[in-house]
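Have a look at model35.cif below; it lists mmCIF, C-alpha atoms, pLDDT in the B column; chains and numbers go by the auth columns.
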```cif
data_model
#
loop_
_atom_site.group_PDB
_atom_site.id
_atom_site.type_symbol
_atom_site.label_atom_id
_atom_site.label_comp_id
_atom_site.label_asym_id
_atom_site.label_seq_id
_atom_site.Cartn_x
_atom_site.Cartn_y
_atom_site.Cartn_z
_atom_site.B_iso_or_equiv
_atom_site.auth_seq_id
_atom_site.auth_asym_id
ATOM 1 C CA MET A 1 -12.898 3.960 14.703 77.00 1 F
ATOM 2 C CA SER A 2 -9.499 3.209 13.219 87.00 2 F
ATOM 3 C CA LEU A 3 -7.601 -0.073 13.131 91.00 3 F
ATOM 4 C CA SER A 4 -4.329 1.635 14.022 93.00 4 F
ATOM 5 C CA HIS A 5 -2.447 4.919 14.079 93.00 5 F
ATOM 6 C CA ILE A 6 0.864 5.406 12.310 92.00 6 F
ATOM 7 C CA ALA A 7 3.369 8.188 12.856 91.00 7 F
ATOM 8 C CA LEU A 8 4.967 9.165 9.560 92.00 8 F
ATOM 9 C CA SER A 9 8.578 10.325 9.421 89.00 9 F
ATOM 10 C CA SER A 10 7.198 13.794 8.555 91.00 10 F
ATOM 11 C CA GLY A 11 5.536 13.894 11.983 91.00 11 F
ATOM 12 C CA ARG A 12 1.995 13.528 10.640 95.00 12 F
ATOM 13 C CA SER A 13 -0.273 10.956 12.258 94.00 13 F
ATOM 14 C CA ILE A 14 -2.437 8.857 9.947 96.00 14 F
ATOM 15 C CA GLU A 15 -5.189 6.354 10.725 96.00 15 F
ATOM 16 C CA LEU A 16 -5.645 2.985 9.065 96.00 16 F
ATOM 17 C CA THR A 17 -9.406 2.598 8.596 96.00 17 F
ATOM 18 C CA GLU A 18 -9.538 -0.482 6.361 96.00 18 F
ATOM 19 C CA LEU A 19 -7.020 -3.188 5.532 96.00 19 F
ATOM 20 C CA ARG A 20 -7.153 -5.914 2.898 97.00 20 F
ATOM 21 C CA MET A 21 -4.466 -8.589 3.029 97.00 21 F
ATOM 22 C CA SER A 22 -3.869 -11.445 0.644 96.00 22 F
ATOM 23 C CA SER A 23 -1.198 -13.978 -0.135 96.00 23 F
ATOM 24 C CA THR A 24 1.045 -12.532 -2.823 96.00 24 F
ATOM 25 C CA TYR A 25 1.201 -15.783 -4.752 95.00 25 F
ATOM 26 C CA ALA A 26 -2.322 -17.088 -4.101 90.00 26 F
ATOM 27 C CA GLY A 27 -3.586 -18.694 -7.285 84.00 27 F
ATOM 28 C CA LEU A 28 -0.163 -19.213 -8.854 84.00 28 F
ATOM 29 C CA LEU A 29 -0.869 -22.709 -10.133 79.00 29 F
ATOM 30 C CA GLU A 30 1.892 -23.054 -12.640 81.00 30 F
ATOM 31 C CA GLY A 31 5.229 -21.422 -13.233 82.00 31 F
ATOM 32 C CA TYR A 32 7.404 -19.700 -10.705 91.00 32 F
ATOM 33 C CA PRO A 33 7.749 -16.183 -9.252 94.00 33 F
ATOM 34 C CA CYS A 34 9.628 -14.074 -11.779 95.00 34 F
ATOM 35 C CA LYS A 35 9.630 -10.472 -12.982 96.00 35 F
ATOM 36 C CA PRO A 36 6.782 -10.841 -15.534 94.00 36 F
ATOM 37 C CA ILE A 37 4.547 -12.619 -12.984 94.00 37 F
ATOM 38 C CA ASN A 38 5.402 -10.111 -10.258 96.00 38 F
ATOM 39 C CA ASP A 39 4.756 -7.130 -12.514 97.00 39 F
ATOM 40 C CA MET A 40 1.323 -8.594 -13.361 94.00 40 F
ATOM 41 C CA LYS A 41 0.589 -9.160 -9.652 95.00 41 F
ATOM 42 C CA VAL A 42 1.505 -5.567 -8.779 97.00 42 F
ATOM 43 C CA SER A 43 -0.550 -4.138 -11.671 97.00 43 F
ATOM 44 C CA SER A 44 -3.520 -6.291 -10.744 96.00 44 F
ATOM 45 C CA LEU A 45 -3.341 -5.144 -7.127 97.00 45 F
ATOM 46 C CA GLN A 46 -3.217 -1.520 -8.243 97.00 46 F
ATOM 47 C CA ARG A 47 -6.310 -1.954 -10.454 98.00 47 F
ATOM 48 C CA GLN A 48 -8.094 -3.717 -7.593 97.00 48 F
ATOM 49 C CA ALA A 49 -7.352 -0.783 -5.238 98.00 49 F
ATOM 50 C CA GLU A 50 -8.482 1.785 -7.812 98.00 50 F
ATOM 51 C CA ARG A 51 -11.797 -0.054 -8.262 98.00 51 F
ATOM 52 C CA ALA A 52 -12.332 -0.506 -4.518 97.00 52 F
ATOM 53 C CA TYR A 53 -11.565 3.151 -3.672 97.00 53 F
ATOM 54 C CA PRO A 54 -12.506 5.186 -6.771 96.00 54 F
ATOM 55 C CA SER A 55 -12.686 8.553 -4.990 96.00 55 F
ATOM 56 C CA THR A 56 -9.293 8.303 -3.291 97.00 56 F
ATOM 57 C CA PRO A 57 -5.826 8.542 -4.836 98.00 57 F
ATOM 58 C CA VAL A 58 -3.907 5.261 -4.843 98.00 58 F
ATOM 59 C CA HIS A 59 -0.206 5.066 -4.043 98.00 59 F
ATOM 60 C CA LEU A 60 1.917 1.981 -4.681 97.00 60 F
ATOM 61 C CA VAL A 61 4.940 1.523 -2.442 95.00 61 F
ATOM 62 C CA PRO A 62 7.391 -0.288 -4.734 94.00 62 F
ATOM 63 C CA PRO A 63 7.928 -3.766 -3.294 95.00 63 F
ATOM 64 C CA SER A 64 11.295 -5.225 -2.422 95.00 64 F
ATOM 65 C CA ARG A 65 12.331 -8.046 -4.729 96.00 65 F
ATOM 66 C CA GLU A 66 14.609 -10.905 -3.729 96.00 66 F
ATOM 67 C CA TYR A 67 16.587 -13.108 -6.076 95.00 67 F
ATOM 68 C CA PRO A 68 17.209 -16.488 -4.441 94.00 68 F
ATOM 69 C CA ASP A 69 19.989 -18.652 -5.779 91.00 69 F
ATOM 70 C CA GLN A 70 17.774 -20.850 -7.944 91.00 70 F
ATOM 71 C CA THR A 71 17.996 -21.898 -11.568 90.00 71 F
ATOM 72 C CA ALA A 72 16.373 -19.434 -13.942 90.00 72 F
ATOM 73 C CA GLY A 73 13.427 -20.674 -15.966 88.00 73 F
ATOM 74 C CA ALA A 74 11.994 -19.715 -19.338 90.00 74 F
ATOM 75 C CA PHE A 75 10.860 -16.302 -18.025 90.00 75 F
ATOM 76 C CA GLY A 76 14.147 -15.321 -16.436 92.00 76 F
ATOM 77 C CA PRO A 77 15.550 -15.518 -12.926 95.00 77 F
ATOM 78 C CA VAL A 78 13.448 -16.352 -9.885 95.00 78 F
ATOM 79 C CA GLU A 79 12.254 -13.106 -8.297 96.00 79 F
ATOM 80 C CA VAL A 80 10.271 -13.177 -5.044 97.00 80 F
ATOM 81 C CA LEU A 81 8.060 -10.480 -3.540 97.00 81 F
ATOM 82 C CA PRO A 82 7.194 -10.352 0.184 96.00 82 F
ATOM 83 C CA SER A 83 4.521 -12.926 1.010 96.00 83 F
ATOM 84 C CA VAL A 84 1.645 -10.596 1.980 96.00 84 F
ATOM 85 C CA ALA A 85 0.060 -8.050 -0.365 97.00 85 F
ATOM 86 C CA CYS A 86 -1.784 -5.200 1.405 96.00 86 F
ATOM 87 C CA ILE A 87 -4.257 -2.508 0.423 97.00 87 F
ATOM 88 C CA GLY A 88 -4.930 0.011 3.170 97.00 88 F
ATOM 89 C CA ALA A 89 -7.319 2.953 3.385 97.00 89 F
ATOM 90 C CA PHE A 90 -5.739 5.763 5.409 97.00 90 F
ATOM 91 C CA ARG A 91 -7.175 9.033 6.733 97.00 91 F
ATOM 92 C CA SER A 92 -5.604 12.069 8.386 97.00 92 F
ATOM 93 C CA ALA A 93 -6.062 15.774 9.051 97.00 93 F
ATOM 94 C CA VAL A 94 -6.382 18.113 6.067 97.00 94 F
ATOM 95 C CA VAL A 95 -3.428 18.849 3.825 96.00 95 F
ATOM 96 C CA ALA A 96 -4.558 22.288 2.615 95.00 96 F
ATOM 97 C CA SER A 97 -4.289 24.725 5.516 93.00 97 F
ATOM 98 C CA GLU A 98 -7.052 26.962 4.119 96.00 98 F
ATOM 99 C CA LEU A 99 -9.684 24.235 4.630 95.00 99 F
ATOM 100 C CA ASP A 100 -11.701 24.004 7.832 93.00 100 F
ATOM 101 C CA PRO A 101 -10.144 21.130 9.847 91.00 101 F
ATOM 102 C CA VAL A 102 -13.503 20.425 11.472 93.00 102 F
ATOM 103 C CA LEU A 103 -15.234 19.855 8.131 96.00 103 F
ATOM 104 C CA HIS A 104 -12.421 18.281 6.121 97.00 104 F
ATOM 105 C CA ARG A 105 -9.985 15.361 6.237 97.00 105 F
ATOM 106 C CA SER A 106 -7.463 13.861 3.824 98.00 106 F
ATOM 107 C CA ALA A 107 -7.356 10.330 2.443 98.00 107 F
ATOM 108 C CA LEU A 108 -4.988 8.027 0.609 98.00 108 F
ATOM 109 C CA THR A 109 -5.182 4.380 -0.410 98.00 109 F
ATOM 110 C CA VAL A 110 -1.809 2.654 -0.137 97.00 110 F
ATOM 111 C CA ILE A 111 -0.620 -0.638 -1.625 97.00 111 F
ATOM 112 C CA TRP A 112 2.387 -2.313 -0.067 96.00 112 F
ATOM 113 C CA PHE A 113 3.905 -5.736 0.533 96.00 113 F
ATOM 114 C CA GLN A 114 5.102 -7.162 3.847 94.00 114 F
ATOM 115 C CA THR A 115 6.444 -10.454 5.154 93.00 115 F
ATOM 116 C CA GLY A 116 3.972 -11.088 7.998 91.00 116 F
ATOM 117 C CA LEU A 117 0.343 -10.656 8.939 91.00 117 F
ATOM 118 C CA ASP A 118 0.868 -7.874 11.483 89.00 118 F
ATOM 119 C CA VAL A 119 -1.296 -4.761 11.222 89.00 119 F
ATOM 120 C CA PRO A 120 1.066 -1.786 10.925 85.00 120 F
ATOM 121 C CA SER A 121 0.832 0.609 13.858 80.00 121 F
ATOM 122 C CA GLY A 122 2.683 3.066 16.034 72.00 122 F
ATOM 123 C CA LYS A 123 5.938 4.905 15.673 60.00 123 F
ATOM 124 C CA ASP A 124 7.899 1.742 14.918 57.00 124 F
ATOM 125 C CA THR A 125 6.049 1.159 11.667 64.00 125 F
ATOM 126 C CA ASP A 126 8.079 -0.311 8.841 67.00 126 F
ATOM 127 C CA LEU A 127 10.030 2.362 6.973 71.00 127 F
ATOM 128 C CA VAL A 128 8.022 1.448 3.864 77.00 128 F
ATOM 129 C CA LEU A 129 4.869 3.049 5.309 88.00 129 F
ATOM 130 C CA GLY A 130 6.534 5.570 7.592 88.00 130 F
ATOM 131 C CA SER A 131 8.117 7.404 4.673 89.00 131 F
ATOM 132 C CA ILE A 132 4.886 8.053 2.738 93.00 132 F
ATOM 133 C CA ARG A 133 4.829 11.640 1.442 96.00 133 F
ATOM 134 C CA TRP A 134 1.284 12.337 2.627 97.00 134 F
ATOM 135 C CA GLU A 135 1.206 16.040 1.750 97.00 135 F
ATOM 136 C CA GLU A 136 2.065 15.255 -1.895 97.00 136 F
ATOM 137 C CA LEU A 137 -0.068 12.141 -2.356 98.00 137 F
ATOM 138 C CA ALA A 138 -3.236 12.450 -0.247 98.00 138 F
ATOM 139 C CA GLN A 139 -6.401 14.247 -1.264 97.00 139 F
ATOM 140 C CA ASP A 140 -8.599 16.425 0.960 97.00 140 F
ATOM 141 C CA TYR A 141 -12.319 15.750 1.140 96.00 141 F
ATOM 142 C CA GLU A 142 -15.321 17.243 2.898 95.00 142 F
ATOM 143 C CA LEU A 143 -17.068 15.297 5.636 92.00 143 F
#
```

As structure tokens:
Amino acid sequence: MSLSHIALSSGRSIELTELRMSSTYAGLLEGYPCKPINDMKVSSLQRQAERAYPSTPVHLVPPSREYPDQTAGAFGPVEVLPSVACIGAFRSAVVASELDPVLHRSALTVIWFQTGLDVPSGKDTDLVLGSIRWEELAQDYEL
């Protein structure tokens, strides 16, 4: 059973089967959000996804970065990522047409950032997820 279905801009339907959400800046005890901190957060999230889903390719959707009008600190200007970091396991029909669609599926683990706690679903999904190039990024597997 899937958590939601998403219609990609390519027309393909994908299923969200697992979702991990966390606060982007959880554990930031000292300092401020800036490019070096954000780059470490993104890299850490990517490593976490690769460890959690070792048999599935991992795709990072580059996060939006905002630069509020605040005084720069020792590490440069304040740079803020969306407040919720997400790792989602997605499944869909096969990519390779020569494979038996009854015995095979395709999978992709996606990392993205969003502003709220909503589970992405439907045709009105944020453009960030809706524009995933599934045929290039996902990997087929046998059931």

Nearest-residue call for Arg51 in chain F, choices F:Ile87, F:Tyr67, F:Val80, F:Tyr32, using all atoms listed in the file: F:Ile87

So which one's closest to Ala74 in chain F, F:Ala26, F:Leu16, F:Pro36, F:Phe113? Using all atoms listed in the file, please.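 Between F:Ala26, F:Leu16, F:Pro36, F:Phe113, the residue approaching Ala74 in chain F most closely is F:Pro36.
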
How many Å separate CA of Pro33 in chain F from CA of Ile132 in chain F? 27.2 Å

For CA of Gln139 in chain F and CA of Val84 in chain F, the interatomic separation in Å (one decimal): 26.3 Å

At what distance in Å, to one decimal, does CA of Gly88 in chain F lie from CA of Pro120 in chain F?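 Distance reported for this atom pair: 10.0 Å.
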
Padding 8 Å on every side, please: axis-aligned box over the listed atoms of range 137-140 of chain F, centre and edge lengths to one decimal in Å, as lines of an AutoDock Vina configuration file.
```
center_x = -4.3
center_y = 14.3
center_z = -0.7
size_x = 24.5
size_y = 20.3
size_z = 19.3
```

Residues selected by the PyMOL selection byres ((chain F and resi 129) around 10), written as an mmCIF file with C-alpha atoms, in the frame of the given file:
```cif
data_model
loop_
_atom_site.group_PDB
_atom_site.id
_atom_site.type_symbol
_atom_site.label_atom_id
_atom_site.label_comp_id
_atom_site.auth_asym_id
_atom_site.auth_seq_id
_atom_site.Cartn_x
_atom_site.Cartn_y
_atom_site.Cartn_z
ATOM 1 C CA ILE F 6 0.864 5.406 12.310
ATOM 2 C CA ALA F 7 3.369 8.188 12.856
ATOM 3 C CA LEU F 8 4.967 9.165 9.560
ATOM 4 C CA SER F 9 8.578 10.325 9.421
ATOM 5 C CA VAL F 61 4.940 1.523 -2.442
ATOM 6 C CA VAL F 110 -1.809 2.654 -0.137
ATOM 7 C CA ILE F 111 -0.620 -0.638 -1.625
ATOM 8 C CA TRP F 112 2.387 -2.313 -0.067
ATOM 9 C CA PRO F 120 1.066 -1.786 10.925
ATOM 10 C CA SER F 121 0.832 0.609 13.858
ATOM 11 C CA THR F 125 6.049 1.159 11.667
ATOM 12 C CA ASP F 126 8.079 -0.311 8.841
ATOM 13 C CA LEU F 127 10.030 2.362 6.973
ATOM 14 C CA VAL F 128 8.022 1.448 3.864
ATOM 15 C CA GLY F 130 6.534 5.570 7.592
ATOM 16 C CA SER F 131 8.117 7.404 4.673
ATOM 17 C CA ILE F 132 4.886 8.053 2.738
ATOM 18 C CA ARG F 133 4.829 11.640 1.442
#
```

Determine, counting all atoms listed in the file, which protein, DNA and RNA residues have an atom within 9 Å of an atom of Ser2 in chain F; residues of the same chain fewer than 3 positions away are not included. Present the result as a VMD selection string. chain F and resid 5 15 to 18

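Each of F:Ala93, F:Val78, F:Ala85, F:Cys34 was compared to Leu117 in chain F using all atoms listed in the file, and F:Ala85 turns out to be the nearest.
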
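For the residues F:Leu143, F:Leu29, F:Leu60, F:Ile14, ranking by smallest atom-to-atom distance to Cys86 in chain F using only C-alpha atoms places F:Leu60 first.
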
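If you measure from each of F:Leu28, F:Met21, F:Met1, F:Ala89 to Glu50 in chain F using all atoms listed in the file, the closest one turns out to be F:Ala89.
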
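Minimum atom-to-atom distances from F:Thr71, F:Tyr53, F:Glu142, F:Asn38 to Leu103 in chain F were compared using only C-alpha atoms, and the lowest value belongs to F:Glu142.
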
Which residues fall under the PyMOL selection byres ((chain F and resi 105) around 8) in this file, as number ranges by chain? F: 91-95, 101, 103-104, 106-107, 140-143

Please tell me which residues are no farther than 12 Å from (-8.0, 8.7, -8.5) in the file, counting all atoms listed in the file, and write them as a PyMOL selection string. chain F and resi 46-47+49-59+107-109+137-139
